[in-house]
Amino acid sequence: MKNINIGNAQYIFSRHVKHLVIALTLILFASLLLIWSLQSIEKDITWFVFYPAVILATLYGGISAGFITTLLTPFTLFFIWPLISTYSLINNMWDIMDMFLFIIICSYISYQHGLLQRNKAQLKQSKLEHQADQQKHQFFTKLIHSMPNMIGYWDKELNCQFANKAFSEWHTQHPKDIIGLSFKELAGEELYRLNEPYINNVLIGKAQRFERILKKTDGSTGTILAQYIPDFDSDGSVKGFAIQSSEVTELKETEAQLKLATCVFDSTVNGILITDVNGVILSVNPAFTHITGYSAKETVGLTPHILKSYRQNKKFYISLWAELKEQGKWSGKIWNRRKSGDAFLAQMNINMVKDEEGKAIRYVSVFSDVTDLWHKDESLKHLAFYDALTDLPNRTLLIERLGQKIISNQRRQNKLAVMFLDLDGFKLVNDTFGHNIGDELLRTIASRLLVLVRESDIVARLGGDEFIFVVDNTTQKEEVLELAKRIISSIKDPIEINGHNLQVGSSIGISMFPDDGSTSKELIEKADHAMYKSKVPGQEAIHFYTSRS
């Protein structure tokens, strides 16, 4: 501030010095002119020589230069003139009166010129302000006309005084044709009647806001969000009101779609989880809470890591994210964990949500709990491949696994043995004690066989009282024979069921791979043939298949 004041003072001082120099220069020039012309002019017109100096100073330097020249002229004639000339200019009272008349006239000339300059500057400023106001008016008019909102102004007599382009386009009329129309003429009797309560309220100074479904002149309909804004006069009375209406048809349709989406989001039985690109949970639906046990309050702000069951390895998640980033979606089954700690299998679809530039902004995961279905599926698979009574592999699974063993042993050039085991005396137990006792007997024998089996061996039940025992990777028949004897001995041991002491025997037929066959069917058939041979009276209970048997 101090620097500004100093700058202003320097400017004013330099300006006055400039005016003083102008005044002295013109007075000196006039004085020299007077000295040169004294012989040819009369003394009475002496002061007229200095009038041009004052006028020139005023024209060039303004009112201050004129006043300075006016005051310096008498000073010069009183004090400086006697030093440069012997000719006296002020000798009597009339000369002094001429001097005062000079001062008055020159002061008036300077004042009038200053007044003229001031008026000229004010006129110029007013013109500039008027141009600025016009430009501002044009700018705001153009701005209002370019607005998508419908804007109009109505006086208190309900005559239109202004309508922008959007307003006229809605009514398919030129803005100039709308000006002067009454509200009722433009809106129609029915719409005027509907809007009359809002008009009455705005005319008493209450702003109004409401929605209205209107029919356009082209026959289509649209939803309007209207605002009536009162315009107050200086005395506080309402002199009119502005109307601002926005067509919100698309917004209402979007709102309806959002409400529908929200309804689906809240009512679907599938769990929905929405995260940002960093995996932070933004929203979950009620089904998510029902399936996982986690409420929205507990999950928002965390990551889906809270559901991790650790049943999938790192490779699984790397593959998941690679597919998601490459294709924008992923679908599959994944084991998750509930809040209670129980694991559940989810059928999950993850989709990437992108912005207009194709950049990922959200991930949406939709999943359902398929644990029960999985258990049922597993149960069906179990029933399809396992014996319902003993839970041993059935014929179908036996054929599949035996085929795999054959391929493996063929590649390693190893042998395997297939034992076909049939119980002796089982029919008598069934007929004597009933099927329930018979079933329990079969279950007990199955458990005894499992005790004898190695991890690589197979025990299966073909049906009835027939079992298959596959000995994997064997080299000597003696080894197989020893195992067969242990099987017969184990089955022969008495079995107590519901107070009944039961005892059954067994017959075993054995075929060897690759000597007796190269397929599951061949080996089982030949082991079956050998088993029937072992039942012949006088034969051993264990019989190896031979081409002669």
# chains A, B, ... in the order shown; residues from 1 in each chain; ligands from 1
$ residues_around --residues "A:Ile151" --least-positions-apart "3" --cutoff "8 Å" --atoms "only C-alpha atoms" --output "list in words"
Ile144, Phe162, Ala163, Asn164, Ala166, Phe167, Ala242, Ile243, Gln244 and Ser245 of chain A
$ select_by_dssp --residues "stretch 122-260 of chain A" --states "helix (DSSP H, G or I)" --output "ChimeraX atom specification"
/A:122-146,165-170,175-178,183-187,189-203,249-260
$ select_by_dssp --residues "stretch 407-516 of chain A" --states "strand (DSSP E or B)" --output "JSON, numbers by chain"
{"A": [415, 416, 417, 418, 419, 420, 421, 422, 423, 424, 458, 459, 460, 461, 462, 463, 466, 467, 468, 469, 470, 471, 472, 473, 474, 495, 496, 497, 500, 501, 502, 505, 506, 507, 508, 509, 510, 511, 512, 513]}
$ atom_distance --atom1 "atom CA of A:Ala530" --atom2 "atom CA of A:Ser511"
7.6 Å
$ residues_around --residues "A:Thr303" --least-positions-apart "4" --cutoff "10 Å" --atoms "only C-alpha atoms" --output "list of chain:residue names"
A:Thr275, A:Asp276, A:Asn278, A:Gly279, A:Val280, A:Ile281, A:Leu282, A:Thr299, A:Leu307
$ residues_around --residues "stretch 365-371 of chain A" --least-positions-apart "2" --cutoff "6 Å" --atoms "only C-alpha atoms" --output "ChimeraX atom specification"
/A:270-273,344-350,373-374
$ write_last_selection --atoms "N, CA and C atoms" --output "PDB file, in the first residue's frame"
ATOM      1  N   ASN A 270     -29.696 -64.883  -5.567  1.00  0.00           N
ATOM      2  CA  ASN A 270     -28.253 -64.980  -5.786  1.00  0.00           C
ATOM      3  C   ASN A 270     -27.536 -63.890  -5.000  1.00  0.00           C
ATOM      4  N   GLY A 271     -26.414 -64.245  -4.424  1.00  0.00           N
ATOM      5  CA  GLY A 271     -25.604 -63.262  -3.724  1.00  0.00           C
ATOM      6  C   GLY A 271     -24.899 -62.354  -4.717  1.00  0.00           C
ATOM      7  N   ILE A 272     -24.866 -61.058  -4.420  1.00  0.00           N
ATOM      8  CA  ILE A 272     -24.201 -60.083  -5.290  1.00  0.00           C
ATOM      9  C   ILE A 272     -23.203 -59.290  -4.463  1.00  0.00           C
ATOM     10  N   LEU A 273     -22.006 -59.168  -5.004  1.00  0.00           N
ATOM     11  CA  LEU A 273     -20.921 -58.449  -4.330  1.00  0.00           C
ATOM     12  C   LEU A 273     -20.287 -57.512  -5.352  1.00  0.00           C
ATOM     13  N   PHE A 344     -18.527 -73.570   1.742  1.00  0.00           N
ATOM     14  CA  PHE A 344     -19.625 -73.805   0.811  1.00  0.00           C
ATOM     15  C   PHE A 344     -19.118 -73.626  -0.608  1.00  0.00           C
ATOM     16  N   LEU A 345     -19.751 -74.358  -1.518  1.00  0.00           N
ATOM     17  CA  LEU A 345     -19.369 -74.287  -2.928  1.00  0.00           C
ATOM     18  C   LEU A 345     -20.265 -73.272  -3.626  1.00  0.00           C
ATOM     19  N   ALA A 346     -19.650 -72.291  -4.298  1.00  0.00           N
ATOM     20  CA  ALA A 346     -20.396 -71.240  -4.989  1.00  0.00           C
ATOM     21  C   ALA A 346     -20.214 -71.370  -6.497  1.00  0.00           C
ATOM     22  N   GLN A 347     -21.336 -71.291  -7.194  1.00  0.00           N
ATOM     23  CA  GLN A 347     -21.296 -71.134  -8.653  1.00  0.00           C
ATOM     24  C   GLN A 347     -21.244 -69.637  -8.907  1.00  0.00           C
ATOM     25  N   MET A 348     -20.118 -69.133  -9.414  1.00  0.00           N
ATOM     26  CA  MET A 348     -19.871 -67.698  -9.437  1.00  0.00           C
ATOM     27  C   MET A 348     -19.630 -67.179 -10.848  1.00  0.00           C
ATOM     28  N   ASN A 349     -20.171 -65.986 -11.091  1.00  0.00           N
ATOM     29  CA  ASN A 349     -19.901 -65.243 -12.325  1.00  0.00           C
ATOM     30  C   ASN A 349     -19.365 -63.871 -11.932  1.00  0.00           C
ATOM     31  N   ILE A 350     -18.192 -63.531 -12.418  1.00  0.00           N
ATOM     32  CA  ILE A 350     -17.580 -62.225 -12.138  1.00  0.00           C
ATOM     33  C   ILE A 350     -17.489 -61.460 -13.454  1.00  0.00           C
ATOM     34  N   LEU A 373     -26.493 -79.123  -3.976  1.00  0.00           N
ATOM     35  CA  LEU A 373     -26.506 -79.767  -5.284  1.00  0.00           C
ATOM     36  C   LEU A 373     -25.248 -80.595  -5.488  1.00  0.00           C
ATOM     37  N   TRP A 374     -24.129 -80.016  -5.019  1.00  0.00           N
ATOM     38  CA  TRP A 374     -22.856 -80.737  -5.152  1.00  0.00           C
ATOM     39  C   TRP A 374     -22.897 -82.037  -4.346  1.00  0.00           C
TER      40      TRP A 374
END
$ closest_residue --among "A:Tyr363, A:Gly114, A:Asp528, A:Ile109" --to "A:Tyr545" --atoms "only C-alpha atoms"
A:Asp528
$ closest_residue --among "A:Pro230, A:Gly240, A:Pro175, A:Gly328" --to "A:Lys156" --atoms "only C-alpha atoms"
A:Gly240
